[in-house]
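A.B. asks: Okay, so here is run.pdb, and as you'll see once you scroll down, it has PDB, C-alpha atoms.
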ATOM      1  CA  MET C   1     126.350 112.266 106.392  1.00  0.00           C
ATOM      2  CA  PRO C   2     123.140 111.017 108.063  1.00  0.00           C
ATOM      3  CA  ILE C   3     120.079 110.282 105.986  1.00  0.00           C
ATOM      4  CA  ARG C   4     117.452 112.947 106.541  1.00  0.00           C
ATOM      5  CA  SER C   5     113.727 112.433 106.223  1.00  0.00           C
ATOM      6  CA  GLY C   6     111.697 114.346 103.675  1.00  0.00           C
ATOM      7  CA  ALA C   7     110.303 116.574 106.432  1.00  0.00           C
ATOM      8  CA  GLU C   8     113.828 117.417 107.589  1.00  0.00           C
ATOM      9  CA  ARG C   9     114.738 118.405 104.021  1.00  0.00           C
ATOM     10  CA  GLY C  10     111.692 120.665 103.850  1.00  0.00           C
ATOM     11  CA  LEU C  11     109.647 118.301 101.680  1.00  0.00           C
ATOM     12  CA  ARG C  12     105.964 117.835 102.409  1.00  0.00           C
ATOM     13  CA  LEU C  13     103.772 114.901 101.512  1.00  0.00           C
ATOM     14  CA  PRO C  14     100.385 115.583  99.932  1.00  0.00           C
ATOM     15  CA  ALA C  15      97.702 116.119 102.573  1.00  0.00           C
ATOM     16  CA  ARG C  16      95.944 112.855 101.753  1.00  0.00           C
ATOM     17  CA  THR C  17      99.029 110.739 102.499  1.00  0.00           C
ATOM     18  CA  ARG C  18     100.594 112.743 105.305  1.00  0.00           C
ATOM     19  CA  GLY C  19     100.542 110.974 108.663  1.00  0.00           C
ATOM     20  CA  CYS C  20      98.733 107.814 107.559  1.00  0.00           C
ATOM     21  CA  HIS C  21      99.689 104.388 106.374  1.00  0.00           C
ATOM     22  CA  THR C  22      99.279 103.945 102.677  1.00  0.00           C
ATOM     23  CA  ARG C  23      98.276 100.712 101.054  1.00  0.00           C
ATOM     24  CA  GLY C  24     100.858 100.742  98.315  1.00  0.00           C
ATOM     25  CA  VAL C  25     100.595 100.439  94.582  1.00  0.00           C
ATOM     26  CA  SER C  26      99.409  97.099  93.229  1.00  0.00           C
ATOM     27  CA  LEU C  27     100.465  95.398  90.015  1.00  0.00           C
ATOM     28  CA  SER C  28      96.835  95.496  88.898  1.00  0.00           C
ATOM     29  CA  GLN C  29      96.788  99.272  89.286  1.00  0.00           C
ATOM     30  CA  ILE C  30      99.984  99.515  87.247  1.00  0.00           C
ATOM     31  CA  ARG C  31      98.572  97.249  84.504  1.00  0.00           C
ATOM     32  CA  TYR C  32      95.342  99.249  84.405  1.00  0.00           C
ATOM     33  CA  PHE C  33      97.271 102.509  84.278  1.00  0.00           C
ATOM     34  CA  VAL C  34      99.455 101.369  81.347  1.00  0.00           C
ATOM     35  CA  THR C  35      96.450 100.087  79.424  1.00  0.00           C
ATOM     36  CA  VAL C  36      94.431 103.281  79.974  1.00  0.00           C
ATOM     37  CA  ALA C  37      97.468 105.324  78.929  1.00  0.00           C
ATOM     38  CA  GLU C  38      97.847 103.261  75.748  1.00  0.00           C
ATOM     39  CA  GLU C  39      94.142 103.349  74.886  1.00  0.00           C
ATOM     40  CA  ALA C  40      93.539 106.936  76.095  1.00  0.00           C
ATOM     41  CA  ASN C  41      90.065 105.710  77.042  1.00  0.00           C
ATOM     42  CA  VAL C  42      88.803 103.796  80.085  1.00  0.00           C
ATOM     43  CA  GLY C  43      86.092 101.982  78.113  1.00  0.00           C
ATOM     44  CA  ARG C  44      88.537 100.600  75.552  1.00  0.00           C
ATOM     45  CA  ALA C  45      90.986  99.707  78.322  1.00  0.00           C
ATOM     46  CA  ALA C  46      88.193  97.838  80.134  1.00  0.00           C
ATOM     47  CA  GLN C  47      87.376  95.852  76.987  1.00  0.00           C
ATOM     48  CA  ARG C  48      91.024  95.015  76.409  1.00  0.00           C
ATOM     49  CA  LEU C  49      91.520  93.915  80.028  1.00  0.00           C
ATOM     50  CA  HIS C  50      88.143  92.158  80.310  1.00  0.00           C
ATOM     51  CA  VAL C  51      87.407  94.192  83.445  1.00  0.00           C
ATOM     52  CA  ALA C  52      84.408  96.375  84.255  1.00  0.00           C
ATOM     53  CA  GLN C  53      84.930 100.056  83.463  1.00  0.00           C
ATOM     54  CA  PRO C  54      84.001 101.307  86.981  1.00  0.00           C
ATOM     55  CA  ALA C  55      86.625  99.014  88.517  1.00  0.00           C
ATOM     56  CA  ILE C  56      89.338 100.489  86.309  1.00  0.00           C
ATOM     57  CA  SER C  57      88.219 104.045  87.081  1.00  0.00           C
ATOM     58  CA  ARG C  58      88.294 103.305  90.834  1.00  0.00           C
ATOM     59  CA  GLN C  59      91.760 101.777  90.633  1.00  0.00           C
ATOM     60  CA  ILE C  60      93.146 104.686  88.600  1.00  0.00           C
ATOM     61  CA  ARG C  61      91.749 107.142  91.178  1.00  0.00           C
ATOM     62  CA  ALA C  62      93.224 105.034  94.001  1.00  0.00           C
ATOM     63  CA  LEU C  63      96.595 105.010  92.224  1.00  0.00           C
ATOM     64  CA  GLU C  64      96.507 108.781  91.824  1.00  0.00           C
ATOM     65  CA  ASP C  65      95.595 109.137  95.508  1.00  0.00           C
ATOM     66  CA  GLU C  66      98.454 106.820  96.481  1.00  0.00           C
ATOM     67  CA  LEU C  67     100.947 108.765  94.382  1.00  0.00           C
ATOM     68  CA  GLY C  68      99.542 112.096  95.527  1.00  0.00           C
ATOM     69  CA  THR C  69      99.108 113.548  92.041  1.00  0.00           C
ATOM     70  CA  PRO C  70      96.762 113.212  89.079  1.00  0.00           C
ATOM     71  CA  LEU C  71      98.144 111.154  86.211  1.00  0.00           C
ATOM     72  CA  PHE C  72      95.446 111.851  83.626  1.00  0.00           C
ATOM     73  CA  SER C  73      93.411 114.742  82.389  1.00  0.00           C
ATOM     74  CA  ARG C  74      89.827 113.577  82.000  1.00  0.00           C
ATOM     75  CA  THR C  75      87.940 114.924  79.014  1.00  0.00           C
ATOM     76  CA  SER C  76      84.648 114.090  77.339  1.00  0.00           C
ATOM     77  CA  ARG C  77      86.680 112.290  74.676  1.00  0.00           C
ATOM     78  CA  GLY C  78      88.793 110.151  77.002  1.00  0.00           C
ATOM     79  CA  MET C  79      91.920 110.346  79.101  1.00  0.00           C
ATOM     80  CA  ALA C  80      95.122 112.241  78.321  1.00  0.00           C
ATOM     81  CA  LEU C  81      98.357 111.712  80.215  1.00  0.00           C
ATOM     82  CA  LEU C  82      99.548 114.632  82.283  1.00  0.00           C
ATOM     83  CA  PRO C  83     103.314 115.212  82.631  1.00  0.00           C
ATOM     84  CA  SER C  84     103.273 113.225  85.899  1.00  0.00           C
ATOM     85  CA  GLY C  85     101.541 110.388  84.046  1.00  0.00           C
ATOM     86  CA  ARG C  86     104.192 110.379  81.322  1.00  0.00           C
ATOM     87  CA  VAL C  87     106.892 110.088  83.990  1.00  0.00           C
ATOM     88  CA  PHE C  88     105.057 107.245  85.724  1.00  0.00           C
ATOM     89  CA  LEU C  89     104.346 105.422  82.440  1.00  0.00           C
ATOM     90  CA  ASP C  90     108.037 104.759  81.768  1.00  0.00           C
ATOM     91  CA  HIS C  91     108.485 103.373  85.270  1.00  0.00           C
ATOM     92  CA  ALA C  92     105.242 101.384  85.126  1.00  0.00           C
ATOM     93  CA  ARG C  93     106.285  99.668  81.892  1.00  0.00           C
ATOM     94  CA  ALA C  94     109.693  98.848  83.394  1.00  0.00           C
ATOM     95  CA  ILE C  95     108.027  97.385  86.506  1.00  0.00           C
ATOM     96  CA  LEU C  96     105.719  95.173  84.450  1.00  0.00           C
ATOM     97  CA  ALA C  97     108.610  94.024  82.258  1.00  0.00           C
ATOM     98  CA  ALA C  98     110.679  93.199  85.346  1.00  0.00           C
ATOM     99  CA  VAL C  99     107.831  91.191  86.887  1.00  0.00           C
ATOM    100  CA  ASP C 100     107.303  89.285  83.621  1.00  0.00           C
ATOM    101  CA  HIS C 101     111.057  88.621  83.388  1.00  0.00           C
ATOM    102  CA  ALA C 102     111.196  87.402  87.013  1.00  0.00           C
ATOM    103  CA  ALA C 103     108.209  85.084  86.522  1.00  0.00           C
ATOM    104  CA  GLU C 104     109.743  83.622  83.374  1.00  0.00           C
ATOM    105  CA  ALA C 105     113.086  83.103  85.145  1.00  0.00           C
ATOM    106  CA  VAL C 106     111.349  81.218  87.956  1.00  0.00           C
ATOM    107  CA  ARG C 107     109.410  79.078  85.465  1.00  0.00           C
ATOM    108  CA  ASP C 108     112.612  78.299  83.556  1.00  0.00           C
ATOM    109  CA  HIS C 109     114.384  77.404  86.786  1.00  0.00           C
ATOM    110  CA  GLY C 110     111.496  75.152  87.779  1.00  0.00           C
ATOM    111  CA  ARG C 111     111.513  73.374  84.436  1.00  0.00           C
ATOM    112  CA  LEU C 112     115.280  72.774  84.667  1.00  0.00           C
ATOM    113  CA  THR C 113     115.501  71.728  88.308  1.00  0.00           C
ATOM    114  CA  ASN C 114     112.194  69.955  88.815  1.00  0.00           C
ATOM    115  CA  SER C 115     112.087  67.680  85.791  1.00  0.00           C
ATOM    116  CA  GLY C 116     111.656  64.164  87.074  1.00  0.00           C
ATOM    117  CA  ARG C 117     110.826  65.023  90.700  1.00  0.00           C
ATOM    118  CA  ASP C 118     107.942  66.420  92.704  1.00  0.00           C
ATOM    119  CA  ALA C 119     108.210  70.209  92.419  1.00  0.00           C
ATOM    120  CA  ARG C 120     106.065  70.715  95.540  1.00  0.00           C
ATOM    121  CA  ARG C 121     108.558  68.986  97.824  1.00  0.00           C
ATOM    122  CA  PRO C 122     111.355  71.211  99.189  1.00  0.00           C
ATOM    123  CA  GLU C 123     114.817  70.402  97.942  1.00  0.00           C
ATOM    124  CA  GLY C 124     116.523  67.881 100.221  1.00  0.00           C
ATOM    125  CA  SER C 125     113.222  66.783 101.791  1.00  0.00           C
ATOM    126  CA  THR C 126     113.016  63.071 102.494  1.00  0.00           C
ATOM    127  CA  THR C 127     109.460  62.933 103.819  1.00  0.00           C
ATOM    128  CA  ARG C 128     106.605  61.868 101.605  1.00  0.00           C
ATOM    129  CA  GLY C 129     103.273  63.674 101.750  1.00  0.00           C
TER     130      GLY C 129
END
Before anything else, please render the file you have as structure tokens.
C.D. replies:
Amino acid sequence: MPIRSGAERGLRLPARTRGCHTRGVSLSQIRYFVTVAEEANVGRAAQRLHVAQPAISRQIRALEDELGTPLFSRTSRGMALLPSGRVFLDHARAILAAVDHAAEAVRDHGRLTNSGRDARRPEGSTTRG
């Protein structure tokens, strides 16, 4: 059975992403999102991340635009996750855990294989820099 595009299956992208290239979701956006979700407040998230509050707000809005749906309900008292935000939060935490695990695996590999030799030189290289 051939793979059909979303349009062929009757699915429509949100108007803001239809027909244009999207930038993609960054790890920073995911980290900001998780922290805002945990703090339920952009100001507290900014303090915890040591990032300016407007930068976090911009990145959360960009993330919502990229995903094509709001993730938070904004109130005078802070931010509350919407159902779409709760769905994304589980995935976001898994992504961050996977990235941390991958980085640690690479560091461990480097410590095991590069002890006693120049780690910047490709394996098998005989030239000296």
A.B. asks: Can you tell me, as number ranges by chain, what residues are no more than 8 Å from C:Tyr32 when counting only C-alpha atoms, ignoring any on the same chain fewer than 3 positions away?
C.D. replies: C: 28-29, 35-36, 45, 49, 56, 59-60
A.B. asks: In Å to one decimal, how far is atom CA of C:Leu27 from atom CA of C:Gly110?
C.D. replies: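 Interatomic distance, atom CA of C:Gly110 to atom CA of C:Leu27: 23.2 Å.
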A.B. asks: For C:Gly85, which of C:Ala98, C:Leu71, C:Asn41, C:Arg107 is the closest residue, counting only C-alpha atoms?
C.D. replies: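 Using only C-alpha atoms, C:Gly85 sits closest to C:Leu71.
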A.B. asks: Quick one: residues within 9 Å of C:Ser26, all atoms listed in the file, excluding same-chain residues fewer than 4 positions away - as a VMD selection string?
C.D. replies: chain C and resid 30 to 31 63
A.B. asks: Return as lines of an AutoDock Vina configuration file the centre and edge lengths, in Å with one decimal, of the box along x, y and z that encloses every atom of stretch 86-91 of chain C in the file, padded by 5 Å per side.
C.D. replies:
center_x = 106.3
center_y = 106.9
center_z = 83.5
size_x = 14.3
size_y = 17.0
size_z = 14.4
A.B. asks: What does the structure give for the distance between atom CA of C:Val34 and atom CA of C:Leu89, in Å to one decimal?
C.D. replies: 6.4 Å
A.B. asks: To one decimal place in Å, what is the distance between atom CA of C:Ala37 and atom CA of C:His101?
C.D. replies: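 Result for atom CA of C:Ala37 versus atom CA of C:His101: 22.0 Å, one decimal.
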A.B. asks: Might you pull out every residue within 12 Å of C:Ser76, with all atoms listed in the file counted and same-chain residues fewer than 3 positions away left off, and present them as a list in words?
C.D. replies: Ala40, Asn41, Val42, Ser73, Met79 and Ala80 of chain C
A.B. asks: Considering all atoms listed in the file, state which residue in the set C:Ala97, C:Ser84, C:Gly24, C:Phe33 is at the smallest distance from C:Ala46.
C.D. replies: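 Comparing C:Ala97, C:Ser84, C:Gly24, C:Phe33 against C:Ala46, the winner is C:Phe33.
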A.B. asks: Go through C:Arg58, C:Thr69, C:His109, C:Arg74 one by one, measure the shortest atom-to-atom distance of each to C:Phe88 using all atoms listed in the file, and give the residue with the smallest value.
C.D. replies: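 Checking each candidate against C:Phe88, we get C:Thr69 as the closest.
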A.B. asks: How would you write as a PyMOL selection string the residues that get within 9 Å of (109.2, 77.2, 91.0) in the file's frame, counting all atoms listed in the file?
C.D. replies: chain C and resi 106-111+113-114+119-120
